[in-house]
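S.K.: File follows, my_file_26.txt with compact mmCIF, C-alpha atoms:
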# COMPACT_ATOMS: atom_id res chain seq x y z
CA MET H 1 44.40 1.26 4.80
CA THR H 2 42.91 -0.45 7.89
CA MET H 3 39.21 -1.10 8.39
CA GLN H 4 39.18 1.67 11.01
CA ASN H 5 40.70 4.11 8.52
CA ASP H 6 38.23 2.99 5.85
CA LEU H 7 35.32 3.78 8.15
CA ALA H 8 36.85 7.15 9.06
CA VAL H 9 37.30 8.08 5.41
CA GLN H 10 33.70 7.14 4.63
CA SER H 11 32.52 9.68 7.23
CA VAL H 12 34.50 12.56 5.67
CA PRO H 13 32.34 15.06 3.70
CA ARG H 14 32.52 14.65 -0.08
CA TYR H 15 32.14 17.75 -2.19
CA GLY H 16 32.21 18.92 -5.77
CA LEU H 17 33.82 22.29 -5.17
CA TYR H 18 34.47 22.83 -1.46
CA GLY H 19 31.28 23.20 0.57
CA GLU H 20 29.11 22.53 -2.48
CA PRO H 21 27.22 19.39 -3.55
CA LEU H 22 28.81 16.87 -5.87
CA GLN H 23 26.71 18.30 -8.69
CA SER H 24 28.88 21.41 -8.51
CA SER H 25 31.88 19.52 -9.87
CA PRO H 26 33.17 21.39 -12.93
CA VAL H 27 32.68 19.80 -16.32
CA LEU H 28 36.45 20.05 -16.86
CA MET H 29 38.11 22.56 -14.56
CA HIS H 30 37.58 25.43 -12.14
CA ILE H 31 40.00 28.08 -10.89
CA GLU H 32 39.71 30.81 -8.27
CA PRO H 33 42.05 32.89 -6.08
CA ILE H 34 42.85 31.29 -2.72
CA GLU H 35 41.04 34.06 -0.88
CA ALA H 36 37.83 33.66 -2.88
CA ARG H 37 36.71 30.63 -0.86
CA THR H 38 38.69 31.17 2.34
CA ARG H 39 37.87 34.83 3.02
CA ALA H 40 34.52 34.10 4.67
CA LEU H 41 35.93 31.07 6.52
CA ASN H 42 38.76 32.80 8.38
CA GLY H 43 41.14 31.15 5.95
CA GLU H 44 40.15 27.64 7.02
CA ILE H 45 39.03 24.84 4.70
CA SER H 46 37.81 21.91 6.82
CA ILE H 47 38.64 18.27 6.17
CA HIS H 48 36.95 16.85 3.06
CA ILE H 49 37.32 14.71 -0.07
CA HIS H 50 36.88 15.43 -3.76
CA GLN H 51 35.47 12.31 -5.33
CA ASN H 52 36.78 12.64 -8.88
CA LEU H 53 38.69 15.92 -8.89
CA HIS H 54 42.41 16.56 -8.65
CA GLN H 55 43.42 19.87 -7.07
CA ILE H 56 46.51 22.03 -7.54
CA THR H 57 47.01 24.94 -5.14
CA TRP H 58 49.50 27.57 -6.29
CA LEU H 59 50.89 29.65 -3.41
CA ALA H 60 52.64 32.62 -5.01
CA SER H 61 53.44 34.22 -1.65
CA GLY H 62 52.45 34.06 2.00
CA GLN H 63 51.81 30.96 4.08
CA LEU H 64 49.49 27.99 3.82
CA GLU H 65 49.08 25.12 6.25
CA VAL H 66 47.92 21.89 4.62
CA GLN H 67 46.84 18.59 6.10
CA VAL H 68 46.75 15.48 3.94
CA ASN H 69 45.74 12.08 5.29
CA GLY H 70 46.52 13.29 8.82
CA HIS H 71 49.93 14.80 8.01
CA ARG H 72 50.42 18.56 8.44
CA ARG H 73 52.86 20.87 6.71
CA THR H 74 53.22 24.65 6.59
CA LEU H 75 54.30 26.05 3.24
CA SER H 76 55.76 29.42 2.33
CA GLY H 77 55.32 30.73 -1.19
CA PRO H 78 56.30 30.27 -3.88
CA ALA H 79 55.10 26.67 -3.66
CA ALA H 80 52.52 24.32 -5.11
CA VAL H 81 50.49 21.49 -3.59
CA ILE H 82 48.88 18.65 -5.54
CA VAL H 83 46.04 16.74 -3.90
CA PRO H 84 44.73 13.82 -5.98
CA ALA H 85 41.10 12.76 -6.05
CA LEU H 86 39.88 10.67 -3.08
CA THR H 87 42.50 12.21 -0.77
CA VAL H 88 41.39 13.40 2.68
CA HIS H 89 42.66 16.96 3.09
CA SER H 90 42.18 20.38 4.69
CA SER H 91 44.03 23.70 4.77
CA LYS H 92 44.35 27.03 6.53
CA ALA H 93 45.52 30.08 4.59
CA ALA H 94 47.27 32.94 6.35
CA THR H 95 45.96 36.43 5.70
CA ASN H 96 48.97 37.06 3.44
CA ALA H 97 48.41 33.93 1.30
CA ASP H 98 48.19 34.83 -2.38
CA GLY H 99 47.67 32.42 -5.24
CA TYR H 100 45.11 30.20 -6.94
CA VAL H 101 43.33 26.89 -6.54
CA LEU H 102 42.91 24.87 -9.75
CA THR H 103 40.44 21.99 -9.58
CA ALA H 104 40.20 19.65 -12.56
CA ARG H 105 38.41 16.44 -13.39
CA GLN H 106 40.51 13.33 -13.82
CA GLU H 107 39.65 13.26 -17.52
CA PHE H 108 41.54 16.53 -18.00
CA PHE H 109 44.79 14.73 -17.23
CA HIS H 110 44.35 12.32 -20.13
CA CYS H 111 46.13 13.81 -23.14
CA SER H 112 45.19 11.97 -26.32
CA GLU H 113 47.66 14.09 -28.31
CA SER H 114 50.70 12.93 -26.38
CA LYS H 115 51.35 9.68 -24.56
CA VAL H 116 54.40 11.29 -22.94
CA ALA H 117 52.29 14.14 -21.52
CA SER H 118 49.70 11.66 -20.23
CA GLU H 119 52.43 9.75 -18.40
CA VAL H 120 53.76 12.99 -16.90
CA PHE H 121 50.28 13.95 -15.70
CA LYS H 122 49.73 10.46 -14.32
CA ARG H 123 52.90 10.70 -12.21
CA LEU H 124 52.06 14.24 -11.19
CA CYS H 125 48.69 13.19 -9.74
CA SER H 126 49.71 9.78 -8.41
CA ALA H 127 50.24 10.97 -4.82
CA PRO H 128 49.89 14.09 -2.65
CA SER H 129 52.96 16.22 -3.34
CA VAL H 130 54.49 19.64 -2.74
CA PHE H 131 56.81 21.75 -4.87
CA MET H 132 59.03 24.35 -3.23
CA LEU H 133 60.12 26.93 -5.81
CA ALA H 134 61.97 29.56 -3.76
CA GLN H 135 65.20 28.71 -5.58
CA GLN H 136 63.56 28.79 -9.02
CA PRO H 137 62.74 32.48 -9.74
CA ASP H 138 62.34 32.02 -13.50
CA GLY H 139 60.07 29.03 -13.16
CA THR H 140 58.08 30.79 -10.45
CA ALA H 141 57.44 33.85 -12.62
CA ASP H 142 56.30 31.72 -15.57
CA ILE H 143 53.95 29.56 -13.49
CA ASN H 144 52.51 32.56 -11.67
CA ALA H 145 51.83 34.38 -14.96
CA MET H 146 50.10 31.31 -16.38
CA PHE H 147 47.87 30.93 -13.35
CA GLY H 148 46.91 34.59 -13.74
CA LEU H 149 46.09 34.06 -17.42
CA LEU H 150 44.11 30.92 -16.64
CA ASN H 151 42.05 32.76 -14.04
CA ARG H 152 41.31 35.65 -16.43
CA GLU H 153 40.20 33.27 -19.18
CA TYR H 154 37.98 31.43 -16.74
CA GLN H 155 36.35 34.63 -15.48
CA THR H 156 35.84 36.37 -18.84
CA ARG H 157 34.86 33.35 -20.95
CA HIS H 158 35.91 34.78 -24.29
CA GLU H 159 35.36 32.85 -27.50
CA ARG H 160 37.47 29.68 -27.45
CA SER H 161 38.29 30.20 -23.75
CA ASP H 162 37.86 26.49 -23.06
CA LEU H 163 40.58 25.66 -25.58
CA VAL H 164 42.92 28.32 -24.18
CA MET H 165 42.29 27.15 -20.62
CA ASP H 166 43.00 23.54 -21.52
CA ARG H 167 46.34 24.43 -23.11
CA VAL H 168 47.42 26.82 -20.34
CA ALA H 169 46.47 24.43 -17.52
CA LYS H 170 48.36 21.58 -19.19
CA ALA H 171 51.39 23.86 -19.65
CA ILE H 172 51.26 24.67 -15.92
CA CYS H 173 51.28 20.97 -15.09
CA LEU H 174 54.23 20.31 -17.39
CA LEU H 175 56.19 23.20 -15.86
CA LEU H 176 55.46 21.91 -12.36
CA ALA H 177 56.61 18.45 -13.37
CA ARG H 178 60.07 19.95 -14.07
CA GLN H 179 60.41 21.01 -10.45
CA ASN H 180 61.57 18.94 -7.50
CA MET H 181 58.56 17.06 -6.15
CA GLU H 182 58.36 16.05 -2.49
CA PRO H 183 55.81 13.50 -1.21
CA LEU H 184 53.27 14.90 1.20
CA GLY H 185 52.13 12.62 4.00
CA ASP H 186 52.42 8.85 3.96
CA GLY H 187 52.12 8.47 0.19
CA TYR H 188 48.61 7.04 0.33
CA SER H 189 46.94 8.34 -2.78
CA VAL H 190 44.80 7.59 -5.74
CA ARG H 191 47.02 4.53 -6.24
CA GLY H 192 45.29 3.07 -3.21
CA ASN H 193 41.99 3.67 -4.94
CA SER H 194 43.20 2.90 -8.44
CA GLU H 195 40.15 0.92 -9.50
CA ILE H 196 37.78 3.68 -8.37
CA ALA H 197 39.91 6.30 -10.08
CA GLN H 198 39.95 4.26 -13.30
CA PHE H 199 36.18 3.82 -13.13
CA LEU H 200 35.61 7.56 -12.65
CA THR H 201 37.89 8.29 -15.60
CA LEU H 202 35.87 5.86 -17.73
CA VAL H 203 32.66 7.57 -16.61
CA ASP H 204 34.07 10.93 -17.69
CA ARG H 205 34.89 9.46 -21.08
CA TYR H 206 31.80 7.33 -21.75
CA PHE H 207 28.94 8.75 -19.66
CA SER H 208 27.01 9.73 -22.78
CA ALA H 209 27.24 6.23 -24.25
CA ASP H 210 24.68 3.62 -23.34
CA PHE H 211 27.20 1.61 -21.32
CA SER H 212 25.90 -1.12 -19.02
CA LEU H 213 27.55 -1.87 -15.70
CA SER H 214 29.01 -5.05 -17.20
CA GLU H 215 30.67 -3.02 -19.95
CA TYR H 216 32.33 -0.73 -17.39
CA ALA H 217 33.48 -3.82 -15.49
CA LYS H 218 34.86 -5.35 -18.69
CA HIS H 219 36.90 -2.20 -19.39
CA LEU H 220 38.34 -2.49 -15.88
CA ASN H 221 38.94 -6.23 -16.21
CA CYS H 222 36.95 -7.03 -13.09
CA GLN H 223 33.67 -8.65 -12.09
CA VAL H 224 30.51 -6.53 -11.79
CA GLU H 225 30.11 -7.52 -8.14
CA ARG H 226 33.64 -6.34 -7.35
CA LEU H 227 33.09 -3.05 -9.16
CA ILE H 228 29.91 -2.40 -7.19
CA ARG H 229 31.62 -3.28 -3.92
CA ILE H 230 34.75 -1.13 -4.32
CA VAL H 231 32.86 1.88 -5.71
CA ARG H 232 30.27 1.80 -2.93
CA LYS H 233 33.00 1.37 -0.32
CA GLY H 234 35.01 4.28 -1.67
CA THR H 235 32.23 6.72 -2.56
CA GLY H 236 29.12 5.58 -0.71
CA LYS H 237 27.26 5.32 -4.02
CA SER H 238 26.61 2.73 -6.69
CA PRO H 239 28.50 2.90 -9.99
CA MET H 240 25.38 3.82 -11.95
CA GLN H 241 24.53 6.61 -9.50
CA LEU H 242 27.89 8.17 -10.36
CA VAL H 243 27.18 7.79 -14.08
CA GLN H 244 23.82 9.55 -13.69
CA GLU H 245 25.40 12.36 -11.64
CA ARG H 246 27.99 12.90 -14.38
CA ARG H 247 25.22 13.07 -16.99
CA LEU H 248 23.37 15.65 -14.91
CA ARG H 249 26.49 17.81 -14.51
CA GLU H 250 27.00 17.78 -18.25
CA ALA H 251 23.34 18.61 -18.87
CA CYS H 252 23.53 21.55 -16.45
CA HIS H 253 26.66 22.84 -18.19
CA ARG H 254 25.08 22.62 -21.64
CA LEU H 255 21.83 24.22 -20.51
CA THR H 256 23.81 27.11 -19.04
CA HIS H 257 26.33 27.71 -21.82
CA MET H 258 24.70 26.46 -25.02
CA GLU H 259 21.55 27.18 -26.99
CA THR H 260 21.07 23.54 -27.98
CA PRO H 261 17.43 22.41 -27.58
CA VAL H 262 16.61 20.37 -24.48
CA SER H 263 15.66 17.40 -26.65
CA GLU H 264 19.13 17.33 -28.21
CA ILE H 265 20.92 17.83 -24.90
CA SER H 266 18.98 14.88 -23.50
CA VAL H 267 20.38 12.57 -26.18
CA GLU H 268 23.88 14.08 -26.04
CA VAL H 269 24.24 13.32 -22.33
CA GLY H 270 22.92 9.77 -22.58
CA PHE H 271 19.12 9.99 -22.17
CA ASN H 272 17.36 8.77 -25.29
CA ASP H 273 13.92 9.30 -23.75
CA VAL H 274 13.45 13.07 -23.46
CA ALA H 275 10.38 12.81 -21.22
CA TYR H 276 12.28 10.57 -18.81
CA PHE H 277 15.25 12.97 -18.88
CA CYS H 278 13.00 15.90 -17.93
CA ARG H 279 11.39 13.96 -15.06
CA PHE H 280 14.77 12.70 -13.83
CA PHE H 281 16.31 16.18 -14.07
CA LYS H 282 13.48 17.79 -12.10
CA LYS H 283 13.60 15.11 -9.41
CA ARG H 284 17.35 15.55 -8.90
CA ILE H 285 17.82 19.28 -9.55
CA GLY H 286 14.45 20.63 -8.40
CA SER H 287 13.45 22.32 -11.66
CA THR H 288 12.79 21.34 -15.24
CA PRO H 289 15.64 21.69 -17.76
CA SER H 290 13.95 24.74 -19.28
CA GLN H 291 13.49 26.38 -15.87
CA TYR H 292 17.11 25.63 -15.00
CA ARG H 293 18.28 27.24 -18.25
CA ALA H 294 16.19 30.36 -17.60
CA ASN H 295 17.62 30.70 -14.07
CA HIS H 296 21.25 30.01 -14.96
CA ALA H 297 21.62 31.31 -18.49
CA SER H 298 25.15 32.36 -19.42
CA GLY H 299 25.72 35.71 -21.04
CA SER H 300 27.80 34.14 -23.83
CA LYS H 301 26.27 30.98 -25.26
CA LEU H 302 27.73 28.89 -28.05
Can the structure from this file be put into structure tokens for me?

M.R.:
Amino acid sequence: MTMQNDLAVQSVPRYGLYGEPLQSSPVLMHIEPIEARTRALNGEISIHIHQNLHQITWLASGQLEVQVNGHRRTLSGPAAVIVPALTVHSSKAATNADGYVLTARQEFFHCSESKVASEVFKRLCSAPSVFMLAQQPDGTADINAMFGLLNREYQTRHERSDLVMDRVAKAICLLLARQNMEPLGDGYSVRGNSEIAQFLTLVDRYFSADFSLSEYAKHLNCQVERLIRIVRKGTGKSPMQLVQERRLREACHRLTHMETPVSEISVEVGFNDVAYFCRFFKKRIGSTPSQYRANHASGSKL
């Protein structure tokens, strides 16, 4: 990308979930019907970037106009759109658009159980792409049913829902990978930000460890100065700011969904000093961990 494009990208809003702060990024994944977020916005999702989230939009029926890195395309369902992390994008859903938006952290696409699956997921999220399934009625029915199941599991949060969701979402990705994939836009993608993407994946994997910046750089086979420069250029933040944000997101998730004591959560997310964790949490979130838990308690804790 040119320097002018770099500057333009840096001015694009960066969200967790659309319209929400980066702290709203899901611990692993989030799913909602297309209309859930577009209804109040006249169907329009303005231009933005997800820093470390890949997004799959499933259009079962109706129309959806998407714009990726300045390229527009109008889709008719059944179709799917994959937008990798760090991709500038926007969309406008017609009133008849029906389907789901699945947003998942980059770590979700690493499958330790299968190297083959990991390679499939890597290719799937390597560039903005579309899948047109009008000529694949069997595949369309299966994928649509799985998105419906995934959404129900996400909303109801039954026992072991996280495990079910992980398996169903991965099955959706594998089924999509069987379909004909068309590039969307000029092909600029997470490959153009590969070092940032690799760093964010490492953060997802090791945020709770006491990793120094030099250790992250060593894993990426680059100098600390280069890591700082490319991460700040691509995200507007320092590498360690991103690590701390990831720790906070995990802490918020555990406070909401688990009964683990605050002192244990502090250690589990990478803060060995509980008092410091509580001060840091309050400064960033606006309430103490205990107050946050009281205000956001889940009905079904583990």

S.K.: Under the rule of at most 12 Å, produce a per-residue listing of range 171-279 of chain H near range 26-45 of chain H: chain, number, name, the closest pair of atoms, and the distance in Å, as a Markdown table, using all atoms listed in the file.

M.R.:
| residue | atom | partner | partner_atom | distance |
| --- | --- | --- | --- | --- |
| H:Thr201 | CA | H:Leu28 | CA | 11.9 |
| H:Asp204 | CA | H:Val27 | CA | 9.1 |
| H:Arg205 | CA | H:Leu28 | CA | 11.5 |
| H:Glu245 | CA | H:Val27 | CA | 11.4 |
| H:Arg246 | CA | H:Val27 | CA | 8.6 |
| H:Arg247 | CA | H:Val27 | CA | 10.1 |
| H:Leu248 | CA | H:Val27 | CA | 10.3 |
| H:Arg249 | CA | H:Val27 | CA | 6.7 |
| H:Glu250 | CA | H:Val27 | CA | 6.3 |
| H:Ala251 | CA | H:Val27 | CA | 9.8 |
| H:Cys252 | CA | H:Val27 | CA | 9.3 |
| H:His253 | CA | H:Val27 | CA | 7.0 |
| H:Arg254 | CA | H:Val27 | CA | 9.7 |
| H:Thr256 | CA | H:Val27 | CA | 11.8 |
| H:His257 | CA | H:Val27 | CA | 11.5 |

S.K.: Nearest residue to Ala141 in chain H out of H:Gln223, H:Ser208, H:Ser214, H:Ser61, using all atoms listed in the file?

M.R.: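 Residue with the minimum atom-to-atom distance to Ala141 in chain H: H:Ser61.
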
S.K.: Between CA of Trp58 in chain H and CA of Asn144 in chain H, what is the distance, to one decimal in Å?

M.R.: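 Between these atoms lies a distance of 7.9 Å.
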
S.K.: I'd like the interatomic distance between CA of Ala197 in chain H and CA of Ser46 in chain H, to a tenth of an Å.

M.R.: 23.1 Å

S.K.: For each of H:Arg232, H:Arg167, H:Leu242, H:Gly16, take the minimum atom-to-atom distance to Cys111 in chain H, counting all atoms listed in the file, then give the residue where this is smallest.

M.R.: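 Ranking H:Arg232, H:Arg167, H:Leu242, H:Gly16 by distance to Cys111 in chain H, first place goes to H:Arg167.
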
S.K.: I'd like the interatomic distance between CA of Gly19 in chain H and CA of Asn69 in chain H, to a tenth of an Å.

M.R.: 18.8 Å

S.K.: Which centre and edge lengths in Å to one decimal define the box along x, y and z that fits every listed atom of range 244-263 of chain H plus 5 Å per side, as AutoDock Vina command-line options?

M.R.:
--center_x 21.8 --center_y 18.6 --center_z -19.8 --size_x 22.3 --size_y 28.2 --size_z 26.3

S.K.: When you count only C-alpha atoms, which of these residues is closest to Ser129 in chain H: H:Val66, H:Met146, H:Met240, H:Leu174?

M.R.: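 Of H:Val66, H:Met146, H:Met240, H:Leu174, the one nearest Ser129 in chain H, counting only C-alpha atoms, is H:Val66.
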
S.K.: Using all atoms listed in the file, which protein or nucleic acid residues come within 8 Å of range 177-186 of chain H? Drop anything in the same chain fewer than 3 positions from it, and give the result as a ChimeraX atom specification.

M.R.: /H:68-72,120,124,127-133,173-174

S.K.: Kindly indicate which residue among H:Arg284, H:Lys122, H:Arg226, H:His54 lies nearest to Pro21 in chain H, using all atoms listed in the file for the distances.

M.R.: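 The closest residue to Pro21 in chain H is H:Arg284.
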
S.K.: Out of H:Ser91, H:Ala80, H:Ala97, H:Arg160, which residue has the shortest atom-to-atom distance to Gly62 in chain H when counting only C-alpha atoms?

M.R.: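 Ranking H:Ser91, H:Ala80, H:Ala97, H:Arg160 by distance to Gly62 in chain H, first place goes to H:Ala97.
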
S.K.: Of the candidates H:Pro137, H:Asp273, H:Leu86, H:Ser126, which one gets nearest to Arg14 in chain H if we count only C-alpha atoms?

M.R.: H:Leu86

S.K.: So which residues touch Arg279 in chain H within 12 Å, counting all atoms listed in the file, skipping near sequence neighbours fewer than 5 positions away, as a list in words?

M.R.: Ser266, Phe271, Asp273, Val274, Arg284, Ile285, Gly286, Ser287, Thr288, Pro289 and Ser290 of chain H

S.K.: Show me the residues close to (34.2, 0.3, -20.4) - anything with an atom within 12 Å, counting all atoms listed in the file - and format the list as a ChimeraX atom specification.

M.R.: /H:198-207,209-222,224,227

S.K.: At most 6 Å from (45.7, 14.6, -6.8), file frame, all atoms listed in the file: which residues, as JSON, numbers by chain?

M.R.: {"H": [54, 55, 82, 83, 84, 85, 125, 128]}
